[in-house]
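Participant: My file is model.pdb. It has PDB, C-alpha atoms:
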```pdb
MODEL        1
ATOM      1  CA  LEU K  11      -9.900  15.921  21.886
ATOM      2  CA  LEU K  12     -10.778  13.273  19.310
ATOM      3  CA  GLY K  13     -12.812  15.814  17.351
ATOM      4  CA  GLN K  14      -9.891  18.259  17.229
ATOM      5  CA  VAL K  15      -7.441  15.524  16.185
ATOM      6  CA  GLY K  16      -9.838  14.434  13.445
ATOM      7  CA  LEU K  17     -10.256  17.974  12.122
ATOM      8  CA  SER K  18      -6.503  18.528  12.157
ATOM      9  CA  LEU K  19      -5.860  15.313  10.210
ATOM     10  CA  TRP K  20      -8.609  16.112   7.738
ATOM     11  CA  SER K  21      -7.234  19.622   7.123
ATOM     12  CA  ARG K  22      -3.685  18.357   6.711
ATOM     13  CA  LEU K  23      -4.665  15.528   4.366
ATOM     14  CA  PHE K  24      -7.061  17.351   2.078
ATOM     15  CA  TYR K  25      -6.099  21.025   2.132
ATOM     16  CA  PHE K  26      -2.318  21.203   2.486
ATOM     17  CA  LEU K  27      -1.236  18.588  -0.087
ATOM     18  CA  PRO K  28       0.889  16.235   2.065
ATOM     19  CA  ASP K  29       3.697  14.221   0.538
ATOM     20  CA  ARG K  30       3.509  10.422   0.122
ATOM     21  CA  ALA K  31       5.114   9.658   3.505
ATOM     22  CA  GLU K  32       2.634  11.902   5.342
ATOM     23  CA  GLU K  33      -0.306  10.276   3.561
ATOM     24  CA  ILE K  34       0.901   6.822   4.572
ATOM     25  CA  ASP K  35       1.464   7.855   8.201
ATOM     26  CA  ALA K  36      -1.885   9.622   8.475
ATOM     27  CA  THR K  37      -3.802   6.740   6.873
ATOM     28  CA  GLN K  38      -2.089   4.236   9.142
ATOM     29  CA  PHE K  39      -2.929   6.353  12.210
ATOM     30  CA  ARG K  40      -6.596   6.774  11.204
ATOM     31  CA  TYR K  41      -7.220   3.072  10.799
ATOM     32  CA  ARG K  42      -5.211   2.020  13.843
ATOM     33  CA  LEU K  43      -7.305   4.427  15.886
ATOM     34  CA  ASP K  44     -10.504   3.065  14.346
ATOM     35  CA  ASP K  45      -9.385  -0.508  15.100
ATOM     36  CA  ARG K  46      -8.534   0.414  18.703
ATOM     37  CA  LEU K  47     -11.841   2.184  19.333
ATOM     38  CA  PHE K  48     -14.302   0.136  17.283
ATOM     39  CA  GLY K  49     -12.634  -2.963  15.773
ATOM     40  CA  GLY K  50     -14.362  -5.083  13.147
ATOM     41  CA  ILE K  51     -14.508  -4.310   9.452
ATOM     42  CA  PRO K  52     -13.069  -0.816   8.827
ATOM     43  CA  PRO K  53     -15.403   1.801   7.316
ATOM     44  CA  GLY K  54     -15.020   3.423   3.939
ATOM     45  CA  VAL K  55     -12.846   0.732   2.326
ATOM     46  CA  HIS K  56     -13.488  -0.671  -1.154
ATOM     47  CA  VAL K  57     -11.752  -3.809  -2.460
ATOM     48  CA  ILE K  58     -11.539  -4.553  -6.199
ATOM     49  CA  ASP K  59      -9.722  -7.097  -8.349
ATOM     50  CA  ALA K  60      -6.285  -6.008  -9.503
ATOM     51  CA  ASP K  61      -7.382  -6.201 -13.147
ATOM     52  CA  SER K  62     -10.651  -4.259 -12.708
ATOM     53  CA  ALA K  63     -11.350  -1.811 -15.522
ATOM     54  CA  GLN K  64     -11.351   1.947 -14.945
ATOM     55  CA  SER K  65     -15.148   1.965 -15.377
ATOM     56  CA  GLU K  66     -15.465  -0.482 -12.449
ATOM     57  CA  LEU K  67     -13.849   1.813  -9.882
ATOM     58  CA  PRO K  68     -16.190   2.996  -7.108
ATOM     59  CA  PRO K  69     -17.116   6.696  -6.904
ATOM     60  CA  VAL K  70     -14.488   8.827  -5.200
ATOM     61  CA  ARG K  71     -15.407  10.067  -1.733
ATOM     62  CA  PRO K  72     -12.870  12.077   0.315
ATOM     63  CA  GLY K  73     -11.094   9.980   2.926
ATOM     64  CA  GLU K  74     -12.344   6.591   1.728
ATOM     65  CA  LEU K  75      -9.855   3.916   0.661
ATOM     66  CA  LEU K  76      -9.579   1.661  -2.368
ATOM     67  CA  ILE K  77      -7.569  -1.588  -2.325
ATOM     68  CA  ALA K  78      -6.710  -3.220  -5.650
ATOM     69  CA  GLY K  79      -5.935  -6.942  -5.565
ATOM     70  CA  ARG K  80      -3.812  -8.251  -2.693
ATOM     71  CA  CYS K  81      -2.540  -4.740  -1.945
ATOM     72  CA  ASP K  82      -1.173  -4.274  -5.465
ATOM     73  CA  GLY K  83      -2.322  -0.724  -4.808
ATOM     74  CA  LEU K  84      -3.865   1.257  -1.937
ATOM     75  CA  TYR K  85      -5.557   4.569  -2.787
ATOM     76  CA  ILE K  86      -7.241   7.362  -0.865
ATOM     77  CA  GLY K  87     -10.154   9.405  -2.132
ATOM     78  CA  ASP K  88      -9.147  13.000  -2.818
ATOM     79  CA  PHE K  89      -9.233  14.682  -6.223
ATOM     80  CA  GLY K  90      -9.642  11.242  -7.768
ATOM     81  CA  TRP K  91      -8.104   8.099  -6.296
ATOM     82  CA  GLN K  92      -4.552   8.934  -5.134
ATOM     83  CA  ALA K  93      -1.991   6.185  -4.511
ATOM     84  CA  VAL K  94      -0.811   5.679  -0.923
ATOM     85  CA  GLU K  95       1.034   2.346  -1.236
ATOM     86  CA  ARG K  96       1.901  -0.081  -4.017
ATOM     87  CA  ARG K  97       3.308  -3.561  -3.495
ATOM     88  CA  SER K  98       6.477  -4.410  -5.368
ATOM     89  CA  GLY K  99       5.740  -7.583  -7.272
ATOM     90  CA  GLY K 100       2.107  -6.675  -7.955
ATOM     91  CA  ASP K 101       0.722  -5.593 -11.317
ATOM     92  CA  ARG K 102       1.492  -1.884 -10.870
ATOM     93  CA  ARG K 103       4.883  -1.643  -9.175
ATOM     94  CA  ALA K 104       8.134  -3.595  -9.354
ATOM     95  CA  VAL K 105      11.498  -2.858  -7.768
ATOM     96  CA  VAL K 106      13.943  -4.601 -10.100
ATOM     97  CA  ALA K 107      17.656  -5.348  -9.918
ATOM     98  CA  VAL K 108      20.054  -5.866 -12.820
ATOM     99  CA  SER K 109      22.103  -9.062 -12.907
ATOM    100  CA  PRO K 110      25.682  -9.039 -14.306
ATOM    101  CA  GLY K 111      24.568 -10.899 -17.424
ATOM    102  CA  LEU K 112      21.740  -8.474 -18.126
ATOM    103  CA  ARG K 113      23.997  -5.484 -17.496
ATOM    104  CA  ALA K 114      26.239  -6.561 -20.383
ATOM    105  CA  ARG K 115      23.179  -6.755 -22.667
ATOM    106  CA  LEU K 116      21.938  -3.314 -21.643
ATOM    107  CA  THR K 117      24.970  -1.592 -23.135
ATOM    108  CA  ALA K 118      24.812  -3.589 -26.389
ATOM    109  CA  GLU K 119      21.121  -3.915 -27.391
ATOM    110  CA  TRP K 120      17.567  -2.740 -26.848
ATOM    111  CA  VAL K 121      15.998  -4.452 -23.819
ATOM    112  CA  THR K 122      12.378  -4.487 -22.618
ATOM    113  CA  LEU K 123      12.091  -3.227 -19.055
ATOM    114  CA  ALA K 124       8.300  -3.549 -18.810
ATOM    115  CA  GLN K 125       5.284  -3.700 -21.081
ATOM    116  CA  GLY K 126       1.526  -3.710 -20.848
ATOM    117  CA  ASP K 127      -1.673  -3.149 -22.820
ATOM    118  CA  GLY K 128      -0.616  -0.737 -25.563
ATOM    119  CA  TRP K 129       2.617   0.538 -24.037
ATOM    120  CA  ARG K 130       6.163  -0.489 -23.165
ATOM    121  CA  LEU K 131       9.261   0.667 -21.342
ATOM    122  CA  GLU K 132      12.575  -0.166 -22.941
ATOM    123  CA  THR K 133      16.250   0.631 -22.483
ATOM    124  CA  ARG K 134      18.692   1.404 -25.276
ATOM    125  CA  PRO K 135      22.449   1.969 -25.357
ATOM    126  CA  PHE K 136      23.374   5.647 -25.052
ATOM    127  CA  ALA K 137      26.177   7.633 -26.678
ATOM    128  CA  ASP K 138      27.508   8.547 -23.222
ATOM    129  CA  PRO K 139      28.679   5.260 -21.604
ATOM    130  CA  ARG K 140      27.813   6.635 -18.151
ATOM    131  CA  TYR K 141      24.091   6.466 -18.948
ATOM    132  CA  LEU K 142      21.446   4.173 -20.357
ATOM    133  CA  ALA K 143      18.620   5.612 -22.448
ATOM    134  CA  THR K 144      15.116   4.723 -21.222
ATOM    135  CA  PHE K 145      11.952   5.212 -23.257
ATOM    136  CA  TYR K 146       8.215   5.023 -22.595
ATOM    137  CA  VAL K 147       6.552   4.120 -25.911
ATOM    138  CA  ASP K 148       2.766   4.332 -26.375
ATOM    139  CA  ALA K 149       0.546   2.485 -28.858
ATOM    140  CA  ALA K 150       1.019   5.222 -31.470
ATOM    141  CA  GLY K 151       4.809   4.941 -31.238
ATOM    142  CA  ASN K 152       5.298   8.226 -29.382
ATOM    143  CA  GLU K 153       8.397   8.125 -27.169
ATOM    144  CA  THR K 154       9.337   9.876 -23.925
ATOM    145  CA  PHE K 155      13.002   9.790 -22.940
ATOM    146  CA  GLY K 156      14.836   9.418 -19.617
ATOM    147  CA  ALA K 157      18.340   8.354 -18.577
ATOM    148  CA  ILE K 158      19.573   5.737 -16.084
ATOM    149  CA  SER K 159      22.984   6.140 -14.490
ATOM    150  CA  LEU K 160      25.461   3.311 -15.034
ATOM    151  CA  VAL K 161      28.007   4.839 -12.635
ATOM    152  CA  THR K 162      27.023   2.490  -9.816
ATOM    153  CA  ASP K 163      27.876  -1.059  -8.800
ATOM    154  CA  ALA K 164      24.254  -2.202  -8.480
ATOM    155  CA  ILE K 165      21.464  -0.909 -10.703
ATOM    156  CA  VAL K 166      18.100  -1.008  -8.906
ATOM    157  CA  LEU K 167      15.035   0.593 -10.486
ATOM    158  CA  ASP K 168      11.609   1.318  -8.999
ATOM    159  CA  VAL K 169       9.095   0.918 -11.833
ATOM    160  CA  VAL K 170       5.481   2.098 -11.494
ATOM    161  CA  ALA K 171       2.674   1.548 -14.009
ATOM    162  CA  ASP K 172      -0.561   2.466 -12.251
ATOM    163  CA  PRO K 173      -3.791   2.202 -14.287
ATOM    164  CA  VAL K 174      -5.863   3.993 -11.628
ATOM    165  CA  GLU K 175      -3.742   7.150 -11.744
ATOM    166  CA  ARG K 176      -2.676   6.494 -15.373
ATOM    167  CA  HIS K 177       0.839   6.994 -14.074
ATOM    168  CA  VAL K 178       4.094   5.503 -15.366
ATOM    169  CA  ALA K 179       7.335   6.255 -13.544
ATOM    170  CA  VAL K 180      10.875   4.966 -13.179
ATOM    171  CA  PHE K 181      13.089   5.940 -10.250
ATOM    172  CA  GLN K 182      16.713   5.098  -9.526
ATOM    173  CA  ASP K 183      18.039   5.605  -5.991
ATOM    174  CA  GLY K 184      15.118   7.931  -5.344
ATOM    175  CA  ASN K 185      15.915  10.044  -8.394
ATOM    176  CA  GLN K 186      13.342  10.489 -11.140
ATOM    177  CA  VAL K 187      14.133   8.904 -14.490
ATOM    178  CA  LEU K 188      10.628   9.117 -15.974
ATOM    179  CA  ASP K 189       7.416  10.414 -14.384
ATOM    180  CA  LEU K 190       4.387  10.513 -16.696
ATOM    181  CA  PHE K 191       0.689  11.053 -15.968
ATOM    182  CA  GLY K 192      -2.286  10.630 -18.261
ATOM    183  CA  VAL K 193      -0.714   7.709 -20.124
ATOM    184  CA  GLU K 194      -1.581   4.066 -20.740
ATOM    185  CA  ALA K 195      -0.430   1.961 -17.776
ATOM    186  CA  GLU K 196      -2.535  -1.214 -17.654
ATOM    187  CA  GLY K 197      -1.295  -4.787 -17.342
ATOM    188  CA  MET K 198       2.351  -4.266 -16.418
ATOM    189  CA  ARG K 199       4.658  -7.239 -17.006
ATOM    190  CA  ILE K 200       8.386  -7.002 -16.306
ATOM    191  CA  GLY K 201      10.725  -8.028 -19.138
ATOM    192  CA  GLU K 202      12.873 -11.139 -19.075
ATOM    193  CA  GLY K 203      16.128 -11.007 -17.132
ATOM    194  CA  TRP K 204      15.106  -8.429 -14.538
ATOM    195  CA  SER K 205      15.008  -9.660 -10.917
ATOM    196  CA  ILE K 206      11.963  -8.411  -8.992
ATOM    197  CA  LEU K 207      12.597  -7.566  -5.338
ATOM    198  CA  PRO K 208       9.287  -8.303  -3.528
ATOM    199  CA  GLY K 209       8.006  -5.659  -1.143
ATOM    200  CA  THR K 210       5.458  -5.289   1.629
ATOM    201  CA  THR K 211       2.590  -2.853   2.215
ATOM    202  CA  PRO K 212       2.149  -2.632   5.999
ATOM    203  CA  VAL K 213      -0.686  -0.080   5.940
ATOM    204  CA  CYS K 214      -2.722  -1.840   3.265
ATOM    205  CA  SER K 215      -2.096  -5.339   4.624
ATOM    206  CA  ALA K 216      -3.336  -4.381   8.098
ATOM    207  CA  ILE K 217      -6.521  -2.888   6.652
ATOM    208  CA  LEU K 218      -7.113  -5.810   4.272
ATOM    209  CA  ASP K 219      -6.736  -8.283   7.151
ATOM    210  CA  ARG K 220      -9.589  -6.522   8.931
ATOM    211  CA  MET K 221     -11.890  -6.885   5.909
ATOM    212  CA  SER K 222     -12.301 -10.608   6.646
ATOM    213  CA  PRO K 223     -12.485 -10.972  10.446
ATOM    214  CA  PRO K 224     -12.152 -14.475  11.972
ATOM    215  CA  GLY K 225     -15.347 -16.519  12.000
TER     216      GLY K 225
ENDMDL
END
```
Hey, can you dump this file as structure tokens for me?
Facilitator:
Amino acid sequence: LLGQVGLSLWSRLFYFLPDRAEEIDATQFRYRLDDRLFGGIPPGVHVIDADSAQSELPPVRPGELLIAGRCDGLYIGDFGWQAVERRSGGDRRAVVAVSPGLRARLTAEWVTLAQGDGWRLETRPFADPRYLATFYVDAAGNETFGAISLVTDAIVLDVVADPVERHVAVFQDGNQVLDLFGVEAEGMRIGEGWSILPGTTPVCSAILDRMSPPG
């Protein structure tokens, strides 16, 4: 029975391209089962500093996990390291809210949303008052455009800048504003005036807790 369950999970995870929610659920199930049956330090888990360089990442092996920092990012080995969870408030994801004072500035001037090593995200007033222009700008000055809706009482943005996947993204209410791969994404710092809403990473935190057992 365990063998069949394992083969089914393996096939689903690595051959049928599950979505993010399925990856999280399957990873959580795998390591809960391992903890229940064997306990102790979980197998196939690598822990690195949040600011580790790309060259310092361990080799990718299917099914193994990589934890960056204090769960700033949790990744699974597949075709490269693929993100499973990212903690809001870490160095690669931030869910941010717009205060009334900042909202007035957004429609009148250019504002830095986030920046890092050789890149930045910024907002600019847009000709259509219902939207706010959003740009990813690289070190060479190349710009990629997106639009944030202002037709809402509360503006909350989910900002991702993941150096492992070289992925920069901005989402609003689950809708994609920007979603870029193969770009510079290191060292994210949120701009002044944005309120970061801290988040949790239940799957990663449970695994990380097992990496240092009591005693």
Participant: Excluding same-chain residues fewer than 3 positions from Arg42 in chain K, what lies within 12 Å of it counting only C-alpha atoms, as a PDB file with C-alpha atoms, in the frame of the given file?
Facilitator:
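Result went into out.pdb, see below:
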```pdb
ATOM      1  CA  ASP K  35       1.464   7.855   8.201  1.00  0.00           C
ATOM      2  CA  ALA K  36      -1.885   9.622   8.475  1.00  0.00           C
ATOM      3  CA  THR K  37      -3.802   6.740   6.873  1.00  0.00           C
ATOM      4  CA  GLN K  38      -2.089   4.236   9.142  1.00  0.00           C
ATOM      5  CA  PHE K  39      -2.929   6.353  12.210  1.00  0.00           C
ATOM      6  CA  ASP K  45      -9.385  -0.508  15.100  1.00  0.00           C
ATOM      7  CA  ARG K  46      -8.534   0.414  18.703  1.00  0.00           C
ATOM      8  CA  LEU K  47     -11.841   2.184  19.333  1.00  0.00           C
ATOM      9  CA  PHE K  48     -14.302   0.136  17.283  1.00  0.00           C
ATOM     10  CA  GLY K  49     -12.634  -2.963  15.773  1.00  0.00           C
ATOM     11  CA  GLY K  50     -14.362  -5.083  13.147  1.00  0.00           C
ATOM     12  CA  PRO K  52     -13.069  -0.816   8.827  1.00  0.00           C
ATOM     13  CA  PRO K 212       2.149  -2.632   5.999  1.00  0.00           C
ATOM     14  CA  VAL K 213      -0.686  -0.080   5.940  1.00  0.00           C
ATOM     15  CA  CYS K 214      -2.722  -1.840   3.265  1.00  0.00           C
ATOM     16  CA  ALA K 216      -3.336  -4.381   8.098  1.00  0.00           C
ATOM     17  CA  ILE K 217      -6.521  -2.888   6.652  1.00  0.00           C
ATOM     18  CA  ARG K 220      -9.589  -6.522   8.931  1.00  0.00           C
TER      19      ARG K 220
END
```
Participant: Do you know which residues are at most 8 Å from range 172-175 of chain K counting all atoms listed in the file, after dropping those on the same chain fewer than 3 positions away, and could you put them as a ChimeraX atom specification?
Facilitator: /K:64,91-93,102-103,178,191-192,194-196
Participant: Next, dump the selected residues to file, keeping only C-alpha atoms, as a short mmCIF file (atom, residue, chain, number, x, y, z; two decimals), in the frame of the given file.
Facilitator:
```
data_model
loop_
_atom_site.label_atom_id
_atom_site.label_comp_id
_atom_site.auth_asym_id
_atom_site.auth_seq_id
_atom_site.Cartn_x
_atom_site.Cartn_y
_atom_site.Cartn_z
CA GLN K 64 -11.35 1.95 -14.94
CA TRP K 91 -8.10 8.10 -6.30
CA GLN K 92 -4.55 8.93 -5.13
CA ALA K 93 -1.99 6.18 -4.51
CA ARG K 102 1.49 -1.88 -10.87
CA ARG K 103 4.88 -1.64 -9.18
CA VAL K 178 4.09 5.50 -15.37
CA PHE K 191 0.69 11.05 -15.97
CA GLY K 192 -2.29 10.63 -18.26
CA GLU K 194 -1.58 4.07 -20.74
CA ALA K 195 -0.43 1.96 -17.78
CA GLU K 196 -2.54 -1.21 -17.65
#
```
Participant: As a check of understanding, name the residues that the PyMOL selection byres ((chain K and resi 61) around 10) selects in the supplied structure, as a list of chain:residue names.
Facilitator: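 Applying the expression gives K:Ile58, K:Asp59, K:Ala60, K:Ser62, K:Ala63, K:Gln64, K:Glu66, K:Ala78, K:Gly79, K:Asp101, K:Pro173, K:Glu196, K:Gly197.
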Participant: How far is it from CA of Arg97 in chain K to CA of Gly201 in chain K, in Å with one decimal?
Facilitator: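 Taking CA of Arg97 in chain K and CA of Gly201 in chain K, their separation equals 17.9 Å.
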Participant: What is the distance between CA of Leu167 in chain K and CA of Leu188 in chain K, in Å to one decimal?
Facilitator: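 So the two atoms, CA of Leu167 in chain K and CA of Leu188 in chain K, lie 11.1 Å apart.
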Participant: Evaluate the PyMOL selection byres ((chain K and resi 87) around 12) against this structure - the residues, as JSON, numbers by chain, please.
Facilitator: {"K": [23, 24, 33, 37, 54, 55, 56, 67, 68, 69, 70, 71, 72, 73, 74, 75, 76, 77, 84, 85, 86, 88, 89, 90, 91, 92, 93, 94, 174, 175]}
Participant: Between K:Ile51, K:Ala107, K:Val193, K:Leu43, which has the minimum distance to Glu153 in chain K (counting only C-alpha atoms)?
Facilitator: K:Val193
Participant: For this file, the PyMOL selection byres ((chain K and resi 163) around 12) selects which residues, as number ranges by chain?
Facilitator: K: 107-110, 113, 159-162, 164-166
Participant: In Å, rounded to a single decimal, give me how far CA of Gln186 in chain K is from CA of Gly151 in chain K.
Facilitator: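 That distance, rounded to one decimal, is 22.5 Å.
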Participant: Which residues are close to Gln125 in chain K, i.e. within 9 Å by all atoms listed in the file, leaving aside same-chain residues fewer than 2 positions away? Reply as number ranges by chain.
Facilitator: K: 122-123, 127-132, 195-201
Participant: Please produce a file of those selected residues containing C-alpha atoms, as a compact mmCIF listing (two decimals), keeping the file's coordinate frame.
Facilitator:
```
# COMPACT_ATOMS: atom_id res chain seq x y z
CA THR K 122 12.38 -4.49 -22.62
CA LEU K 123 12.09 -3.23 -19.06
CA ASP K 127 -1.67 -3.15 -22.82
CA GLY K 128 -0.62 -0.74 -25.56
CA TRP K 129 2.62 0.54 -24.04
CA ARG K 130 6.16 -0.49 -23.16
CA LEU K 131 9.26 0.67 -21.34
CA GLU K 132 12.58 -0.17 -22.94
CA ALA K 195 -0.43 1.96 -17.78
CA GLU K 196 -2.54 -1.21 -17.65
CA GLY K 197 -1.30 -4.79 -17.34
CA MET K 198 2.35 -4.27 -16.42
CA ARG K 199 4.66 -7.24 -17.01
CA ILE K 200 8.39 -7.00 -16.31
CA GLY K 201 10.72 -8.03 -19.14
```
Participant: Box along x, y and z, 6 Å on every side, all listed atoms of range 94-111 of chain K inside: centre and edge lengths in Å to one decimal, as AutoDock Vina command-line options.
Facilitator:
```
--center_x 12.4 --center_y -2.6 --center_z -9.2 --size_x 38.5 --size_y 28.6 --size_z 28.5
```
Participant: Which of these, K:Val180, K:Ala171, K:Leu112, K:Leu142, has the shortest distance to Gly126 in chain K once you count only C-alpha atoms?
Facilitator: K:Ala171
Participant: Pick the closest to Phe145 in chain K from K:Gly111, K:His177, K:Leu190, K:Thr211: which is it, counting all atoms listed in the file?
Facilitator: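 Among the listed residues, the smallest separation from Phe145 in chain K belongs to K:Leu190.
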